[in-house]
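As provided, model_22.txt (compact mmCIF, C-alpha atoms and all ligand atoms) reads as follows.
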# COMPACT_ATOMS: atom_id res chain seq x y z
CA MET A 874 -28.76 -1.94 22.79
CA ALA A 875 -27.35 0.63 20.40
CA GLU A 876 -25.09 2.00 23.15
CA ARG A 877 -23.80 -1.40 24.09
CA ASN A 878 -23.02 -2.08 20.44
CA ALA A 879 -21.11 1.17 20.16
CA GLU A 880 -18.99 0.09 23.12
CA GLU A 881 -18.31 -3.29 21.61
CA VAL A 882 -17.13 -1.65 18.45
CA ARG A 883 -14.70 0.49 20.38
CA GLU A 884 -13.37 -2.76 21.83
CA GLN A 885 -12.93 -4.25 18.38
CA PRO A 886 -10.94 -1.77 16.31
CA LEU A 887 -10.17 -2.93 12.81
CA THR A 888 -6.90 -4.43 11.66
CA PRO A 889 -5.29 -1.90 9.29
CA ALA A 890 -4.61 -2.71 5.64
CA GLN A 891 -1.14 -2.91 4.08
CA THR A 892 -0.02 -3.16 0.47
CA ILE A 893 -0.12 -6.53 -1.27
CA GLY A 894 3.53 -5.79 -2.18
CA PRO A 895 5.32 -6.67 -5.38
CA PHE A 896 5.75 -10.39 -4.64
CA TYR A 897 2.36 -12.04 -4.34
CA GLY A 898 2.51 -13.68 -7.75
CA PHE A 899 3.80 -17.01 -6.44
CA ALA A 900 1.02 -17.14 -3.85
CA LEU A 901 -2.35 -15.63 -4.74
CA PRO A 902 -3.06 -16.35 -8.41
CA TYR A 903 -4.51 -19.83 -8.94
CA PRO A 904 -5.33 -21.91 -11.98
CA GLY A 905 -8.79 -20.98 -13.13
CA GLY A 906 -8.77 -17.69 -11.22
CA PRO A 907 -9.41 -15.65 -14.38
CA VAL A 908 -12.13 -18.10 -15.46
CA ILE A 909 -15.17 -16.91 -13.54
CA VAL A 910 -17.46 -19.11 -15.64
CA PRO A 911 -15.90 -21.96 -17.62
CA ASP A 912 -16.95 -21.67 -21.27
CA GLY A 913 -18.49 -18.28 -20.49
CA ASP A 914 -19.25 -16.31 -23.64
CA LEU A 915 -18.05 -12.96 -22.30
CA ARG A 916 -14.44 -11.84 -22.17
CA VAL A 917 -13.72 -8.84 -19.96
CA HIS A 918 -10.23 -7.46 -20.21
CA GLY A 919 -8.20 -4.32 -19.72
CA THR A 920 -4.99 -2.71 -18.57
CA VAL A 921 -4.25 -1.17 -15.18
CA ARG A 922 -2.31 2.09 -15.52
CA ASP A 923 -0.74 4.53 -13.09
CA GLY A 924 -0.75 8.33 -13.00
CA ALA A 925 1.96 8.50 -15.67
CA GLY A 926 -0.04 6.23 -17.97
CA GLU A 927 2.40 3.36 -17.44
CA ALA A 928 1.03 -0.16 -17.23
CA VAL A 929 1.02 -1.60 -13.69
CA PRO A 930 2.45 -5.12 -13.92
CA ASP A 931 2.10 -5.97 -10.23
CA ALA A 932 -1.60 -5.47 -9.58
CA LEU A 933 -4.12 -8.13 -8.64
CA VAL A 934 -7.66 -7.65 -9.93
CA GLU A 935 -10.58 -9.45 -8.28
CA VAL A 936 -14.13 -9.56 -9.57
CA LEU A 937 -17.43 -10.39 -7.88
CA GLN A 938 -20.58 -10.41 -9.99
CA ALA A 939 -24.15 -11.65 -10.09
CA ASP A 940 -25.10 -14.71 -12.12
CA PRO A 941 -27.51 -14.28 -15.05
CA HIS A 942 -30.40 -14.41 -12.54
CA GLY A 943 -28.99 -11.51 -10.52
CA ARG A 944 -27.79 -13.65 -7.61
CA VAL A 945 -24.46 -12.52 -6.15
CA GLY A 946 -21.87 -14.69 -4.41
CA GLY A 947 -21.00 -17.65 -6.58
CA LEU A 948 -19.10 -15.87 -9.32
CA PHE A 949 -15.66 -14.68 -8.22
CA GLY A 950 -12.47 -14.27 -10.21
CA ARG A 951 -8.88 -13.30 -9.59
CA CYS A 952 -6.28 -12.26 -12.16
CA SER A 953 -2.77 -10.92 -11.83
CA THR A 954 -1.70 -8.16 -14.23
CA ALA A 955 1.79 -9.61 -14.68
CA PRO A 956 3.73 -9.07 -16.84
CA ALA A 957 2.21 -6.26 -18.93
CA GLY A 958 -0.45 -4.68 -16.72
CA ARG A 959 -3.22 -6.63 -18.42
CA PHE A 960 -6.03 -8.68 -16.95
CA ALA A 961 -8.66 -10.82 -18.68
CA PHE A 962 -11.63 -12.76 -17.32
CA THR A 963 -13.89 -15.32 -18.94
CA THR A 964 -17.42 -14.97 -17.64
CA VAL A 965 -21.08 -14.40 -18.49
CA ARG A 966 -23.18 -11.28 -18.44
CA PRO A 967 -24.73 -10.80 -15.00
CA GLY A 968 -28.40 -10.17 -14.40
CA ALA A 969 -29.61 -7.09 -12.55
CA THR A 970 -29.25 -7.29 -8.75
CA GLY A 971 -32.16 -6.66 -6.43
CA ASP A 972 -31.03 -3.20 -5.39
CA GLY A 973 -32.09 -1.55 -8.63
CA CYS A 974 -28.62 -1.44 -10.08
CA ALA A 975 -27.96 -2.07 -13.76
CA PRO A 976 -25.93 -5.23 -14.49
CA HIS A 977 -22.33 -4.73 -13.40
CA LEU A 978 -19.15 -6.41 -12.25
CA ALA A 979 -17.62 -5.31 -8.94
CA PHE A 980 -13.85 -4.91 -9.17
CA LEU A 981 -11.18 -4.80 -6.48
CA VAL A 982 -7.70 -3.59 -7.38
CA HIS A 983 -4.71 -4.49 -5.20
CA ALA A 984 -1.18 -3.40 -6.10
CA ARG A 985 2.27 -2.59 -4.88
CA GLY A 986 2.05 1.05 -3.85
CA LEU A 987 -1.62 0.76 -2.93
CA LEU A 988 -1.79 0.73 0.85
CA LEU A 989 -5.51 -0.03 0.74
CA HIS A 990 -7.19 -1.69 -2.23
CA LEU A 991 -9.68 0.15 -4.44
CA HIS A 992 -13.28 -0.66 -5.38
CA THR A 993 -14.59 0.08 -8.84
CA ARG A 994 -17.25 -1.36 -11.18
CA MET A 995 -17.74 -2.28 -14.79
CA TYR A 996 -21.05 -1.50 -16.49
CA PHE A 997 -22.23 -2.61 -19.94
CA PRO A 998 -22.23 -0.22 -22.89
CA ASP A 999 -25.52 -1.35 -24.43
CA GLU A 1000 -27.59 -1.46 -21.24
CA PRO A 1001 -30.77 0.64 -21.05
CA LEU A 1002 -30.93 0.15 -17.24
CA ASN A 1003 -27.74 2.24 -16.90
CA ALA A 1004 -29.97 5.30 -17.16
CA TYR A 1005 -31.71 4.29 -13.91
CA ASP A 1006 -28.73 2.94 -11.99
CA PRO A 1007 -28.49 4.63 -8.56
CA VAL A 1008 -24.70 4.26 -8.45
CA LEU A 1009 -24.04 5.73 -11.89
CA ALA A 1010 -26.45 8.53 -10.94
CA LYS A 1011 -24.03 9.58 -8.18
CA VAL A 1012 -21.05 9.68 -10.52
CA PRO A 1013 -20.36 13.03 -12.18
CA ASN A 1014 -21.47 12.96 -15.84
CA ASP A 1015 -18.03 13.55 -17.24
CA ARG A 1016 -16.54 10.61 -15.30
CA ARG A 1017 -19.22 7.98 -15.93
CA HIS A 1018 -17.48 6.68 -19.03
CA THR A 1019 -14.62 5.32 -16.89
CA LEU A 1020 -17.05 2.68 -15.55
CA ILE A 1021 -18.55 1.62 -18.87
CA ALA A 1022 -16.76 -1.07 -20.87
CA VAL A 1023 -15.88 -0.53 -24.50
CA PRO A 1024 -16.65 -3.29 -27.01
CA ASP A 1025 -13.68 -4.49 -29.03
CA ARG A 1026 -12.91 -7.59 -31.02
CA ASP A 1027 -11.73 -9.41 -27.88
CA GLY A 1028 -14.88 -8.75 -25.90
CA LEU A 1029 -15.43 -5.86 -23.51
CA ARG A 1030 -12.53 -3.67 -22.45
CA LEU A 1031 -12.34 -1.79 -19.17
CA ASP A 1032 -9.05 -0.02 -18.59
CA ILE A 1033 -8.38 1.04 -15.01
CA ARG A 1034 -6.51 4.25 -14.36
CA LEU A 1035 -5.39 4.40 -10.71
CA GLN A 1036 -4.60 8.10 -10.96
CA GLY A 1037 -5.61 10.66 -13.56
CA SER A 1038 -3.22 12.79 -15.53
CA GLY A 1039 -2.81 16.56 -15.44
CA GLU A 1040 -4.55 19.08 -13.23
CA THR A 1041 -8.07 17.77 -13.61
CA GLY A 1042 -7.23 14.08 -13.66
CA GLY A 1043 -10.44 13.51 -15.61
CA ASP A 1044 -9.30 10.16 -16.99
CA GLU A 1045 -8.95 8.71 -13.49
CA THR A 1046 -11.20 5.69 -12.95
CA VAL A 1047 -14.07 6.30 -10.57
CA PHE A 1048 -13.39 4.46 -7.33
CA PHE A 1049 -15.97 3.87 -4.63
CA ASP A 1050 -16.05 4.35 -0.91
CA VAL A 1051 -18.09 1.31 0.07
CA MET B 952 -30.88 -7.43 0.56
CA ALA B 953 -27.38 -7.75 1.97
CA GLU B 954 -26.61 -6.35 5.39
CA PRO B 955 -24.88 -2.93 5.56
CA LEU B 956 -21.41 -2.80 7.10
CA ARG B 957 -20.26 -0.37 9.74
CA ARG B 958 -18.72 2.66 8.12
CA ASP B 959 -16.83 3.90 11.17
CA GLY B 960 -13.48 2.61 12.36
CA ARG B 961 -11.94 2.66 8.93
CA GLY B 962 -9.62 5.49 9.96
CA ALA B 963 -7.32 2.69 11.04
CA HIS B 964 -6.37 2.16 7.41
CA PRO B 965 -3.48 4.06 5.86
CA ASP B 966 -3.97 6.96 3.46
CA ARG B 967 -3.32 5.80 -0.07
CA ASP B 968 -1.23 8.92 -0.60
CA PHE B 969 1.81 8.38 1.62
CA PRO B 970 4.89 10.06 0.09
CA ALA B 971 7.46 8.27 2.27
CA TYR B 972 6.39 5.08 0.48
CA ARG B 973 7.40 6.23 -2.97
CA SER B 974 5.34 3.76 -4.99
CA THR B 975 2.16 5.44 -3.75
CA ALA B 976 2.97 8.63 -5.71
CA LEU B 977 1.50 7.54 -9.05
CA ARG B 978 -0.85 4.89 -7.74
CA HIS B 979 -3.30 6.73 -5.48
CA PRO B 980 -6.47 8.32 -6.83
CA LYS B 981 -6.43 12.11 -6.66
CA LEU B 982 -10.15 12.59 -7.17
CA PRO B 983 -12.60 11.94 -4.33
CA LEU B 984 -14.04 8.45 -4.02
CA VAL B 985 -17.76 8.20 -4.77
CA PRO B 986 -19.78 6.92 -1.79
CA LEU B 987 -21.58 3.68 -2.49
CA HIS B 988 -24.43 3.09 -0.06
CA ASP B 989 -25.65 -0.45 0.66
CA PRO B 990 -24.71 -1.96 -2.68
CA GLU B 991 -25.89 -5.55 -2.94
CA THR B 992 -22.86 -6.78 -4.85
CA GLU B 993 -20.16 -5.35 -2.58
CA LEU B 994 -22.07 -6.35 0.56
CA THR B 995 -22.05 -9.99 -0.50
CA ALA B 996 -19.23 -12.39 0.28
CA PRO B 997 -17.89 -14.49 -2.56
CA PHE B 998 -18.28 -18.26 -2.18
CA LEU B 999 -14.76 -19.19 -3.07
CA GLY B 1000 -14.24 -22.15 -5.31
CA THR B 1001 -10.94 -22.99 -3.69
CA GLY B 1002 -11.42 -26.73 -3.57
CA PRO B 1003 -10.45 -28.86 -0.60
CA ILE B 1004 -7.75 -27.48 1.65
CA GLY B 1005 -5.44 -30.13 3.08
CA PRO B 1006 -3.36 -30.02 6.26
CA ILE B 1007 -0.18 -29.41 4.27
CA ASP B 1008 -1.59 -26.11 3.00
CA ALA B 1009 -1.39 -24.74 6.54
CA ASP B 1010 2.03 -26.24 7.29
CA LEU B 1011 4.56 -24.32 5.23
CA THR B 1012 7.37 -26.49 6.63
CA ALA B 1013 5.88 -29.71 5.23
CA GLN B 1014 5.38 -28.83 1.58
CA HIS B 1015 8.70 -30.23 0.33
CA ASP B 1016 10.84 -33.32 0.82
CA GLY B 1017 13.16 -31.66 3.30
CA THR B 1018 12.83 -29.31 6.24
CA PRO B 1019 13.25 -25.58 5.55
CA LEU B 1020 15.97 -23.61 7.32
CA GLY B 1021 15.01 -21.07 9.93
CA GLU B 1022 13.18 -20.76 13.24
CA ARG B 1023 10.08 -22.94 13.15
CA ILE B 1024 7.08 -21.01 14.40
CA VAL B 1025 3.35 -21.45 14.89
CA VAL B 1026 1.20 -18.44 13.99
CA THR B 1027 -2.37 -18.56 15.20
CA GLY B 1028 -5.19 -16.21 16.06
CA GLN B 1029 -8.85 -15.44 15.76
CA VAL B 1030 -10.59 -13.78 12.84
CA ARG B 1031 -13.60 -11.76 14.01
CA ASP B 1032 -15.59 -8.76 12.97
CA GLY B 1033 -15.88 -5.34 14.57
CA ASN B 1034 -18.81 -6.55 16.65
CA GLY B 1035 -16.64 -9.27 18.16
CA THR B 1036 -18.32 -12.09 16.23
CA PRO B 1037 -15.87 -14.90 15.39
CA LEU B 1038 -15.79 -15.65 11.67
CA ALA B 1039 -15.82 -19.41 11.05
CA GLY B 1040 -14.99 -21.06 7.75
CA GLN B 1041 -13.03 -18.07 6.49
CA LEU B 1042 -10.35 -18.54 3.89
CA VAL B 1043 -7.03 -17.17 5.19
CA GLU B 1044 -4.18 -16.93 2.69
CA VAL B 1045 -0.59 -16.16 3.71
CA TRP B 1046 2.65 -15.64 1.85
CA GLN B 1047 6.13 -14.70 3.01
CA ALA B 1048 9.86 -14.61 2.37
CA ASN B 1049 12.04 -17.47 3.59
CA ALA B 1050 14.26 -17.29 6.68
CA SER B 1051 16.90 -15.45 4.65
CA GLY B 1052 14.48 -12.78 3.46
CA ARG B 1053 14.04 -14.07 -0.09
CA TYR B 1054 10.72 -14.69 -1.85
CA ALA B 1055 10.27 -17.75 -4.04
CA GLN B 1056 9.28 -15.49 -6.92
CA ALA B 1057 11.55 -15.10 -9.92
CA GLU B 1058 11.31 -11.29 -9.79
CA ASP B 1059 12.83 -11.14 -6.30
CA ALA B 1060 16.45 -10.19 -7.01
CA HIS B 1061 17.57 -9.98 -3.38
CA ASP B 1062 20.97 -11.61 -3.05
CA ALA B 1063 19.94 -14.05 -0.33
CA PRO B 1064 19.64 -17.80 -0.77
CA LEU B 1065 16.50 -19.50 -1.92
CA ASP B 1066 15.49 -22.48 0.18
CA PRO B 1067 14.55 -25.53 -1.92
CA ASN B 1068 12.43 -26.70 0.98
CA PHE B 1069 10.39 -23.55 1.38
CA THR B 1070 7.91 -21.84 -0.92
CA GLY B 1071 6.25 -19.56 1.62
CA VAL B 1072 2.59 -19.98 0.61
CA GLY B 1073 -0.13 -21.19 2.93
CA ARG B 1074 -3.87 -21.19 3.30
CA CYS B 1075 -6.44 -22.53 5.69
CA LEU B 1076 -10.03 -22.13 6.78
CA THR B 1077 -10.85 -20.78 10.22
CA ASP B 1078 -12.47 -23.29 12.56
CA GLU B 1079 -15.79 -22.88 14.38
CA HIS B 1080 -14.18 -20.38 16.79
CA GLY B 1081 -12.78 -18.29 13.95
CA THR B 1082 -9.27 -19.59 14.67
CA TYR B 1083 -6.62 -20.02 12.00
CA ARG B 1084 -3.27 -21.75 12.56
CA PHE B 1085 -0.15 -21.96 10.41
CA THR B 1086 3.18 -23.68 10.95
CA THR B 1087 6.01 -21.93 9.15
CA VAL B 1088 9.46 -20.44 9.65
CA LYS B 1089 10.12 -16.88 10.74
CA PRO B 1090 10.72 -14.80 7.61
CA GLY B 1091 13.86 -12.70 7.37
CA PRO B 1092 13.89 -8.95 6.80
CA TYR B 1093 14.76 -7.92 3.26
CA PRO B 1094 16.06 -4.83 1.48
CA TRP B 1095 14.11 -2.78 -1.04
CA ARG B 1096 14.82 0.32 -3.08
CA ASN B 1097 12.43 2.82 -1.51
CA HIS B 1098 15.20 4.85 0.15
CA ASP B 1099 18.81 4.55 1.33
CA LYS B 1100 19.28 1.49 3.57
CA ALA B 1101 15.63 0.53 3.24
CA TRP B 1102 14.90 -2.83 4.90
CA ARG B 1103 11.42 -4.23 5.45
CA PRO B 1104 10.84 -5.57 8.96
CA ALA B 1105 10.10 -9.30 8.94
CA HIS B 1106 6.45 -9.84 8.04
CA ILE B 1107 3.91 -12.35 6.80
CA HIS B 1108 1.36 -11.17 4.22
CA PHE B 1109 -2.27 -12.06 5.01
CA SER B 1110 -5.36 -12.06 2.78
CA LEU B 1111 -8.90 -12.29 4.22
CA PHE B 1112 -12.41 -12.04 2.85
CA GLY B 1113 -14.84 -11.46 5.74
CA THR B 1114 -18.59 -11.49 5.26
CA ALA B 1115 -18.69 -9.06 2.32
CA PHE B 1116 -16.57 -7.97 -0.61
CA ALA B 1117 -16.40 -4.62 1.21
CA ALA B 1118 -14.86 -6.34 4.25
CA ARG B 1119 -11.93 -7.71 2.23
CA LEU B 1120 -8.54 -7.14 3.83
CA ILE B 1121 -4.98 -7.56 2.67
CA THR B 1122 -2.43 -6.74 5.32
CA GLN B 1123 0.88 -7.76 6.90
CA MET B 1124 1.68 -9.29 10.28
CA TYR B 1125 4.85 -8.12 12.01
CA PHE B 1126 6.93 -9.64 14.81
CA PRO B 1127 7.26 -7.97 18.21
CA GLY B 1128 10.23 -5.77 18.99
CA ASP B 1129 11.59 -5.44 15.46
CA PRO B 1130 14.13 -2.56 15.39
CA LEU B 1131 13.19 -1.78 11.77
CA PHE B 1132 9.67 -0.56 12.62
CA PRO B 1133 10.48 3.19 12.87
CA TYR B 1134 12.25 3.15 9.49
CA ASP B 1135 9.60 1.28 7.50
CA PRO B 1136 7.23 3.59 5.60
CA VAL B 1137 4.82 0.75 4.81
CA MET B 1138 4.22 0.07 8.48
CA GLN B 1139 4.41 3.77 9.38
CA SER B 1140 1.73 4.54 6.79
CA VAL B 1141 -0.59 3.50 9.62
CA THR B 1142 -0.11 6.70 11.57
CA ASP B 1143 -2.08 5.86 14.72
CA PRO B 1144 0.35 4.06 17.08
CA ALA B 1145 -2.44 1.94 18.56
CA ALA B 1146 -3.57 0.84 15.09
CA ARG B 1147 0.04 0.09 14.13
CA GLU B 1148 0.36 -2.09 17.21
CA ARG B 1149 -2.59 -4.16 15.96
CA MET B 1150 -0.41 -5.39 13.09
CA VAL B 1151 2.20 -6.80 15.51
CA ALA B 1152 1.83 -10.38 16.72
CA ALA B 1153 2.56 -11.31 20.35
CA PHE B 1154 4.83 -14.10 21.47
CA ASP B 1155 2.46 -16.67 22.95
CA LEU B 1156 3.48 -19.45 25.31
CA ASP B 1157 0.16 -21.24 24.75
CA ALA B 1158 0.85 -21.45 21.01
CA THR B 1159 4.45 -22.50 21.65
CA VAL B 1160 5.11 -26.23 21.23
CA ASP B 1161 7.70 -27.80 23.53
CA GLN B 1162 10.91 -28.87 21.78
CA TRP B 1163 9.45 -27.93 18.41
CA ALA B 1164 8.28 -24.36 17.67
CA THR B 1165 7.81 -20.94 19.24
CA GLY B 1166 4.29 -19.56 19.02
CA TYR B 1167 2.87 -16.22 17.97
CA ARG B 1168 -0.68 -15.00 18.37
CA TRP B 1169 -2.26 -12.48 16.04
CA ASP B 1170 -5.98 -11.72 15.97
CA ILE B 1171 -7.52 -10.07 12.92
CA VAL B 1172 -10.59 -7.82 13.01
CA LEU B 1173 -12.55 -7.20 9.80
CA ARG B 1174 -15.41 -4.84 9.06
CA GLY B 1175 -18.68 -6.29 10.24
CA PRO B 1176 -22.40 -5.61 9.97
CA ASP B 1177 -23.78 -2.38 11.34
CA ARG B 1178 -25.90 -4.14 13.95
CA THR B 1179 -27.27 -0.90 15.33
CA VAL B 1180 -28.76 0.13 12.01
CA PHE B 1181 -29.84 -3.42 11.32
CA GLU B 1182 -31.84 -3.71 14.52
CA HIS B 1183 -33.48 -0.34 14.01
CA ASP B 1184 -34.40 -1.10 10.42
CA LEU B 1185 -35.78 -4.55 11.00
CA PRO B 1186 -37.47 -4.64 14.41
CA GLY B 1187 -38.59 -8.11 15.29
CA ASP B 1188 -37.02 -9.63 12.23
CA GLY B 1189 -34.71 -12.48 13.01
CA GLY B 1190 -32.34 -11.49 10.26
CA ALA B 1191 -31.78 -11.70 6.54
FE FE C 1 6.74 -8.60 1.71
Structure rendered as structure tokens:
Amino acid sequence: MAERNAEEVREQPLTPAQTIGPFYGFALPYPGGPVIVPDGDLRVHGTVRDGAGEAVPDALVEVLQADPHGRVGGLFGRCSTAPAGRFAFTTVRPGATGDGCAPHLAFLVHARGLLLHLHTRMYFPDEPLNAYDPVLAKVPNDRRHTLIAVPDRDGLRLDIRLQGSGETGGDETVFFDV
Amino acid sequence: MAEPLRRDGRGAHPDRDFPAYRSTALRHPKLPLVPLHDPETELTAPFLGTGPIGPIDADLTAQHDGTPLGERIVVTGQVRDGNGTPLAGQLVEVWQANASGRYAQAEDAHDAPLDPNFTGVGRCLTDEHGTYRFTTVKPGPYPWRNHDKAWRPAHIHFSLFGTAFAARLITQMYFPGDPLFPYDPVMQSVTDPAARERMVAAFDLDATVDQWATGYRWDIVLRGPDRTVFEHDLPGDGGA
């Protein structure tokens, strides 16, 4: 059975990815896309920046998260970063999922110049379960902060840095190979 | 627990660092990605609250009072996963330039005419066989500023979701025999010629409609469940 499956997979090679391009703004954003939960009491926002620290005004950020009971699937959002590189979602705090992970939002970043989108996550700053999260445990200590939102007067801020600066690039957001 | 996806076969995708496409220079991560094994969130598909999709959403030539200029075409194909399973009920989103190579987006400064009868946005759900079908006009090639005499080959942008967030795909469909292929760094970022060919639609007489539209067929294959692992891990279990 395993062998037959391997053959089938060779017969079904994947369609390659291509960049979303600069001109998706008239097509993909939709009214309500940034509102994951209407009247949600949590605002998650941030800026997408490139390796020079410049805001990326032609990215598309998508979010998938669990509901307060930890069930994933129903809560999805989409927000363009036009015109200033900023995104903002209205939502609620998710519950913990069944795989032992601390509450989090899964992010996808698409952009002109990104030939294949990127996966990252947002974790909560005041969450004791972060200490036991199996994903955070795999992230080097000195990079973990790039996944943890910062409280500000607008809600929770998660800035996304597509590429770090300097030799070490330590401020680069942690992206995942899923 | 969500079903793991196959991890092989992803070599088809381009490297994010592809210098010939200049915009990648400051937009690709330099540090290694962190492997994420069997994460529940990313292995779940979003239920999209897209509302009802009407027939006009899939007919890009019928969204205005008049008929758009250009060659009317039908673009159809099957969406399936790497195991060959057709994906029914999948949201397929497309967007494209008009027949002159101009996008209906204010930021597109290309000096080609807009078409008041063409926006270039479509969406549909795949049917029970995983088939999608759009009626549109063939987009024109358009210039960009990546390098001297840079022209994008005609293409239609596609967005797909698959059965997991980790199966998400955004790509572009090209038209057969376009002389611009060898000069286009976006297409050439897919370095395997066979993989590149999988982004090119085929002229299809079956999809062609007499006296009305030429037809193109383009199948799309998304990451699918790792059935081998699944069967080993859950012997005798009918599934999730
Ligand atoms: Fe384009």
Inset, instruction - Compile the contact shell of Asp968 (chain B) as a list of chain:residue names: residues with an atom at most 8 Å away, counting only C-alpha atoms, same-chain residues fewer than 4 positions apart removed. - result: B:Thr975, B:Ala976, B:His979
Inset, instruction - Could you give me the residues within 9 Å of ligand FE 1 (chain C), counting all atoms listed in the file, as a PyMOL selection string? - result: (chain A and resi 892-897) or (chain B and resi 1046-1048+1052+1054+1092-1093+1103-1108+1123)
Legend entry - Counting all atoms listed in the file, the option among B:Leu982, B:Asp1157, B:Pro1006, B:Gly962 closest to Val1012 (chain A): B:Leu982
Legend entry - Between CA of Thr1036 (chain B) and CA of Gly1175 (chain B), distance in Å (one decimal):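 Distance reported for this atom pair: 8.3 Å.
Candidate residues B:Gly1033, B:Tyr1134, B:Ala1039, B:Ala1117 were compared for distance to Phe1049 (chain A), and the nearest is B:Ala1117, using only C-alpha atoms.
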Legend entry - Counting all atoms listed in the file, chain A residues within 8 Å of chain B, as a ChimeraX atom specification: /A:874-875,878,881-882,885-893,896-901,923-925,937-939,945-949,970-972,979,985-990,1008,1011-1012,1035-1037,1042,1045,1047-1051
Inset, instruction - May I ask which of the residues A:Thr1046, A:Thr1041, A:Thr920, A:Thr993 is the closest one to Leu981 (chain A), counting only C-alpha atoms? - result: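 Using only C-alpha atoms, Leu981 (chain A) sits closest to A:Thr993.
In this model, the gap between CA of Glu1000 (chain A) and CA of Pro976 (chain A) comes to 7.9 Å.
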Legend entry - Polymer residues at most 8 Å from (-7.5, -3.8, -6.4) by all atoms listed in the file, as a PyMOL selection string: chain A and resi 932-935+980-984+990-992
Inset, instruction - Determine, counting all atoms listed in the file, every residue of protein, DNA or RNA that lies within 9 Å of (-3.4, -24.7, 12.6) in the file coordinates, then give the result as JSON, numbers by chain. - result: {"B": [1006, 1009, 1010, 1025, 1026, 1027, 1075, 1077, 1082, 1083, 1084, 1085, 1086]}
Legend entry - Given only C-alpha atoms as the counted atoms, nearest of A:Arg966, A:Met995, A:Gly1039, A:Pro1001 to Leu1020 (chain A): A:Met995
Legend entry - Point-to-point distance in Å for CA of Phe997 (chain A) and CA of Val917 (chain A): 10.5 Å
Mind working out the centre and edge lengths of an axis-aligned box for region 1080-1097 of chain B, all listed atoms inside, 5 Å added to each side, rounded to one decimal in Å and written as lines of an AutoDock Vina configuration file?
center_x = 0.9
center_y = -10.4
center_z = 6.9
size_x = 40.2
size_y = 36.5
size_z = 29.9
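Using all atoms listed in the file, the residues found no farther than 8 Å from Asp1006 (chain A), other than those of its own chain fewer than 4 positions away, are A:Gly973, A:Cys974, A:Ala975, A:Leu1002, A:Ala1010.
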Residues from last step as file, C-alpha atoms, as a PDB file, in the frame of the given file:
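Saved file result-v7.pdb follows:
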ATOM      1  CA  GLY A 973     -32.090  -1.550  -8.630  1.00  0.00           C
ATOM      2  CA  CYS A 974     -28.620  -1.440 -10.080  1.00  0.00           C
ATOM      3  CA  ALA A 975     -27.960  -2.070 -13.760  1.00  0.00           C
ATOM      4  CA  LEU A1002     -30.930   0.150 -17.240  1.00  0.00           C
ATOM      5  CA  ALA A1010     -26.450   8.530 -10.940  1.00  0.00           C
TER       6      ALA A1010
END
